[in-house]
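Asks: Can you keep this structure in mind? I'll have questions shortly.
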2 protein chains.
Amino acid sequence: MTALPSIQEQNRIIPPQLDVPPRLLLGPGPSNVHPRVLTSLSLPPVGHLDPYFLQVMDEIQVLLRYAWQTDNPLTLAVSGTGSAAMEATLANVVEPGDVVLVGVMGYFGHRLVDMATRYGGDVRKLMKPWGEAFSLEELREGLETHRPAILALVHAETSTGVRQPLEEVGQLCREYNCLLLIDTVTSLGGVPIFLDHWGVDLAYSCSQKGLGCPPGASPFTMSPKALEKLQSRKTPVTNWYLDMSLLTKYWGEQRVYHHTAPINMYYALREALRVVAEEGLAARWQRHLENAQLLWKGLEEIGLVCHVAQEYRLPTLTTVRVPEGVDAKAVAQKLMKEYNLEVGLGLGELAGKVWRIGLMGYNSRPENVLLLLQALSQVLGK
Amino acid sequence: MTALPSIQEQNRIIPPQLDVPPRLLLGPGPSNVHPRVLTSLSLPPVGHLDPYFLQVMDEIQVLLRYAWQTDNPLTLAVSGTGSAAMEATLANVVEPGDVVLVGVMGYFGHRLVDMATRYGGDVRKLMKPWGEAFSLEELREGLETHRPAILALVHAETSTGVRQPLEEVGQLCREYNCLLLIDTVTSLGGVPIFLDHWGVDLAYSCSQKGLGCPPGASPFTMSPKALEKLQSRKTPVTNWYLDMSLLTKYWGEQRVYHHTAPINMYYALREALRVVAEEGLAARWQRHLENAQLLWKGLEEIGLVCHVAQEYRLPTLTTVRVPEGVDAKAVAQKLMKEYNLEVGLGLGELAGKVWRIGLMGYNSRPENVLLLLQALSQVLGK
């Protein structure tokens, strides 16, 4: 080896030990995490082909099927955050020229449009005001007009707090011979989901909301019908990291190395899903609903108005209208500064107009509702 | 809401509490992790726009610049494992039709070819036997013949244990007006790297090897010249999740939400980089070299042969030839079963022909060398 150049020291900082502030995360996510999940996260890593780890992966797959109520063999966790799982659904099934119909009723609908366009989709949009959901009739009209290969809908719009009803939508898609793709980022683990019963072909989610895990490993599932579309592609999937034709060889029987999985994130996700299974979906959904109702009642009592009609309101995420003359950001900053309490600001069209309050996973507890209402009252001078 | 379908219980398993086996990870990664890093990993998450977290991100950027010896403003961690960071380099700068010249001297060179092809590159290969490195003259000839927009090389080939010398390669690339892209997955934090001095334009790495952190957040850097290529693209980056024109708005001054970062992984990466800065690069590189030399000497003493000539041998990862008549896999399995000791098997062309022994980051310690040599002797009956 030749003599080395001298080492530059200007970036050699030694910052202090991490001293994380004790935030209560009642925004749109991440949420606080069950202590058992944090403990699992910090267990020593093993190899990504270690038999022990392969067992962990298998358990994650089964538990995700339970959480989503699907029997899709291709159900796994993507090695990234929710947006990576979102991209995985589109990257695998959209081929250049495919008509993709996206129901846009908020920020994440627009993201679906953006991603599907990048992968060459001929993207059409169904639009809806931010705070409303599509009716079955509107979806039927959209399918009739555009005849898409894929219909993409957001089950739980994190930017608006709307729950999109999905009963009978799958049936409609069968009629029009298109795949149904849904975003369950803010619904999985907190809101009733029945993927198979609804006839959903592709779904994705994140770990840090209803599942109560830190972000970094994200649920993905694909029906046999969607898999067929992947297998009959004329062009390879552009995205190597998220290519399911490669990933299934790692998650499936073959155990072929693809990439080094984020081992510790999978420990944490397994534990979070184990907590879900212990509680049971029925009890968990009920808990989320009850705490949300407590929040809604309390907001009304201090004169605040929810942005979404109760019928379509998500139990996991509530958008609250900012009263006339109130600075939304200043209120959020005050909640953070005085009470270590995080709420979300409005996104996109709702910027400045709403706060977003999340009660998700481990955080969906009456004491958090109580504290939030009290703190919000104080800051608003109610 | 209409009445819910009944909940299917067949996937509601409750697996036992995680009870991770105490592996010593002396394969090609992941490696064992400094206890301080594991402790940081399990701190409670804060929001991805929390001022405290933004500070953590800033510190990661500075510390990565130190570790890589670069002043590139665009230096950050990608929210995925090393392969995602690899894909990020290509996805951002390769435009359809760009000539990409890849130096292939092992498995990860082939992966670069695969990815660059998916993004529309006109990919040309320079080939070298697995276990050797390219000479400057060979690289010059390649540039002369192919006149590429990008030359991609693997600094530390994880499949062969070869260190590709990079002195003067950047200068050569300037002469031929092409960008230099390098894989530092198995070198960052363990082997001397001087990105700016060498004139490297794009580099990526992982967290779980020389940096001693679990996998899941991966170093990425891009020179101003590479950024110019990104900014003058005619087509948008296909990969949304890894699109640096969006990511820089989150990591830079603007702090625009892109995706929810893997918060806890960033805590861990910051701590791992802090450990690197405390030790200092000179001491750290020296430690890796000394322990590797100890290993090489010991291997020789028990009659085993290193696959790579000493001049090009990586201190982080050693490939050891499997003696005639020995079943490589059986030996690895025995090491695992009897001593909880993981070593790597050969990959691709070297499958069955070598073991891969990693001494990386926290694991590069004399006691690990001692144990490995002793265990290997026992299992081989030496």
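Quick note on naming: the chains in the structure tokens go A, B, ... in the order shown, residues restart at 1 in each chain, and ligands are numbered from 1 in order of appearance.
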I'd like the contact shell of Leu74 of chain A - 8 Å cut-off, only C-alpha atoms, skipping same-chain residues fewer than 4 positions apart - returned as a PyMOL selection string.
Replies: chain A and resi 221-224+248
Asks: Set the distance at 9 Å and use only C-alpha atoms: which residues neighbour Leu211 of chain B once local chain neighbours fewer than 2 positions away are removed? I'd like the list as a PDB file with N, CA and C atoms, in the first residue's frame.
Replies:
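Once everything was written out, this is selection-v8.pdb:
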ATOM      1  N   VAL B  33     -22.545  -5.859  17.541  1.00  0.00           N
ATOM      2  CA  VAL B  33     -22.738  -4.434  17.663  1.00  0.00           C
ATOM      3  C   VAL B  33     -22.258  -3.978  19.033  1.00  0.00           C
ATOM      4  N   LEU B 188     -15.977   0.889   4.702  1.00  0.00           N
ATOM      5  CA  LEU B 188     -16.214   2.068   5.550  1.00  0.00           C
ATOM      6  C   LEU B 188     -16.093   1.706   7.040  1.00  0.00           C
ATOM      7  N   GLY B 189     -15.220   2.426   7.702  1.00  0.00           N
ATOM      8  CA  GLY B 189     -15.040   2.208   9.137  1.00  0.00           C
ATOM      9  C   GLY B 189     -13.991   1.168   9.478  1.00  0.00           C
ATOM     10  N   GLY B 190     -13.431   0.508   8.455  1.00  0.00           N
ATOM     11  CA  GLY B 190     -12.453  -0.537   8.749  1.00  0.00           C
ATOM     12  C   GLY B 190     -11.201  -0.474   7.885  1.00  0.00           C
ATOM     13  N   CYS B 206     -22.952   0.381   4.151  1.00  0.00           N
ATOM     14  CA  CYS B 206     -23.979  -0.182   5.015  1.00  0.00           C
ATOM     15  C   CYS B 206     -23.610   0.168   6.442  1.00  0.00           C
ATOM     16  N   SER B 207     -24.471  -0.166   7.361  1.00  0.00           N
ATOM     17  CA  SER B 207     -24.212   0.153   8.770  1.00  0.00           C
ATOM     18  C   SER B 207     -23.637  -1.027   9.540  1.00  0.00           C
ATOM     19  N   GLN B 208     -23.850  -2.251   9.049  1.00  0.00           N
ATOM     20  CA  GLN B 208     -23.650  -3.452   9.877  1.00  0.00           C
ATOM     21  C   GLN B 208     -22.278  -4.091   9.772  1.00  0.00           C
ATOM     22  N   LYS B 209     -21.328  -3.431   9.125  1.00  0.00           N
ATOM     23  CA  LYS B 209     -19.993  -4.032   8.988  1.00  0.00           C
ATOM     24  C   LYS B 209     -18.974  -3.188   9.746  1.00  0.00           C
ATOM     25  N   CYS B 213     -22.995  -1.363  13.570  1.00  0.00           N
ATOM     26  CA  CYS B 213     -24.373  -0.963  13.885  1.00  0.00           C
ATOM     27  C   CYS B 213     -25.272  -2.039  13.269  1.00  0.00           C
ATOM     28  N   PRO B 214     -26.486  -2.269  13.762  1.00  0.00           N
ATOM     29  CA  PRO B 214     -27.351  -3.208  13.032  1.00  0.00           C
ATOM     30  C   PRO B 214     -27.660  -2.681  11.626  1.00  0.00           C
ATOM     31  N   LEU B 269     -27.206   4.477  14.372  1.00  0.00           N
ATOM     32  CA  LEU B 269     -26.139   4.847  13.440  1.00  0.00           C
ATOM     33  C   LEU B 269     -25.329   6.018  13.990  1.00  0.00           C
ATOM     34  N   ALA B 272     -23.021   4.632  16.576  1.00  0.00           N
ATOM     35  CA  ALA B 272     -21.930   3.871  15.962  1.00  0.00           C
ATOM     36  C   ALA B 272     -20.879   4.827  15.379  1.00  0.00           C
ATOM     37  N   LEU B 273     -21.350   5.885  14.745  1.00  0.00           N
ATOM     38  CA  LEU B 273     -20.420   6.860  14.153  1.00  0.00           C
ATOM     39  C   LEU B 273     -19.694   7.654  15.228  1.00  0.00           C
ATOM     40  N   VAL B 275     -18.843   6.389  18.093  1.00  0.00           N
ATOM     41  CA  VAL B 275     -17.788   5.464  18.536  1.00  0.00           C
ATOM     42  C   VAL B 275     -16.594   5.547  17.574  1.00  0.00           C
ATOM     43  N   VAL B 276     -16.888   5.622  16.287  1.00  0.00           N
ATOM     44  CA  VAL B 276     -15.819   5.745  15.291  1.00  0.00           C
ATOM     45  C   VAL B 276     -15.023   7.033  15.520  1.00  0.00           C
ATOM     46  N   MET B 360     -14.948  -7.121  11.717  1.00  0.00           N
ATOM     47  CA  MET B 360     -15.407  -5.788  11.330  1.00  0.00           C
ATOM     48  C   MET B 360     -15.967  -5.017  12.516  1.00  0.00           C
ATOM     49  N   GLY B 361     -15.578  -3.756  12.570  1.00  0.00           N
ATOM     50  CA  GLY B 361     -16.121  -2.857  13.593  1.00  0.00           C
ATOM     51  C   GLY B 361     -15.839  -3.368  14.999  1.00  0.00           C
ATOM     52  N   TYR B 362     -16.885  -3.519  15.774  1.00  0.00           N
ATOM     53  CA  TYR B 362     -16.775  -3.966  17.170  1.00  0.00           C
ATOM     54  C   TYR B 362     -16.147  -5.357  17.272  1.00  0.00           C
TER      55      TYR B 362
END
Asks: Which residues, written as number ranges by chain, have at least one atom at most 8 Å from segment 113-130 of chain B, with only C-alpha atoms counted and residues fewer than 4 positions away on the same chain left out?
Replies: A: 236-240; B: 87, 90-91, 94-106, 109, 134, 142, 146, 160, 238, 349-350
Asks: Taking the DSSP secondary structure from the backbone, can you list the residues of segment 87-211 of chain A that are helix (DSSP H, G or I), as number ranges by chain?
Replies: A: 87-93, 107-118, 136-146, 169-175, 195-198
Asks: With only C-alpha atoms as the atoms that count, which of A:Lys297, A:Glu342, A:Pro323, A:His307 lies nearest to chain B?
Replies: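 Of the candidates, the smallest distance to chain B is held by A:Glu342.
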Asks: Point out the residue among A:Arg174, A:Lys334, A:Arg287, A:Arg274 with the least atom-to-atom distance to chain B, counting only C-alpha atoms.
Replies: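 Of A:Arg174, A:Lys334, A:Arg287, A:Arg274, the one nearest chain B is A:Arg274, counting only C-alpha atoms.
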Asks: I'd like the contact shell of Leu64 of chain A - 8 Å cut-off, only C-alpha atoms, skipping same-chain residues fewer than 3 positions apart - returned as a list of chain:residue names.
Replies: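 Within the cut-off, the hits are A:Ile60, A:Gln61, A:Ala67, A:Trp68, A:Thr75, A:Leu76, A:Pro219, A:Leu273.
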Asks: Take the selection from the previous step and output its residues with N, CA and C atoms, as an mmCIF file, in the first residue's frame.
Replies:
data_model
loop_
_atom_site.group_PDB
_atom_site.id
_atom_site.type_symbol
_atom_site.label_atom_id
_atom_site.label_comp_id
_atom_site.auth_asym_id
_atom_site.auth_seq_id
_atom_site.Cartn_x
_atom_site.Cartn_y
_atom_site.Cartn_z
ATOM 1 N N ILE A 60 -43.281 -13.522 11.345
ATOM 2 C CA ILE A 60 -43.764 -12.214 10.884
ATOM 3 C C ILE A 60 -44.785 -12.406 9.759
ATOM 4 N N GLN A 61 -44.499 -13.311 8.852
ATOM 5 C CA GLN A 61 -45.417 -13.528 7.727
ATOM 6 C C GLN A 61 -46.792 -13.999 8.198
ATOM 7 N N ALA A 67 -53.075 -9.999 11.010
ATOM 8 C CA ALA A 67 -53.395 -8.578 11.197
ATOM 9 C C ALA A 67 -54.193 -8.025 10.020
ATOM 10 N N TRP A 68 -53.868 -8.514 8.831
ATOM 11 C CA TRP A 68 -54.523 -8.017 7.626
ATOM 12 C C TRP A 68 -55.733 -8.853 7.229
ATOM 13 N N THR A 75 -46.792 -12.486 1.670
ATOM 14 C CA THR A 75 -47.033 -11.473 2.690
ATOM 15 C C THR A 75 -45.743 -11.367 3.473
ATOM 16 N N LEU A 76 -45.155 -10.198 3.510
ATOM 17 C CA LEU A 76 -43.838 -10.060 4.131
ATOM 18 C C LEU A 76 -43.599 -8.617 4.560
ATOM 19 N N PRO A 219 -45.015 -3.710 6.234
ATOM 20 C CA PRO A 219 -45.856 -4.776 5.696
ATOM 21 C C PRO A 219 -46.224 -4.590 4.226
ATOM 22 N N LEU A 273 -46.246 -7.415 16.441
ATOM 23 C CA LEU A 273 -47.322 -8.250 15.899
ATOM 24 C C LEU A 273 -47.777 -9.287 16.920
#
Asks: Counting only C-alpha atoms, what is within 10 Å of Tyr66 of chain B, bar same-chain residues fewer than 5 positions away, as a ChimeraX atom specification?
Replies: /A:7-13 /B:60-61,71,194,273,276-277,280-281
Asks: Measuring atom to atom with only C-alpha atoms, identify which of A:Val93, A:Ala133, A:Leu202, A:Ala282 is nearest to chain B.
Replies: A:Ala282
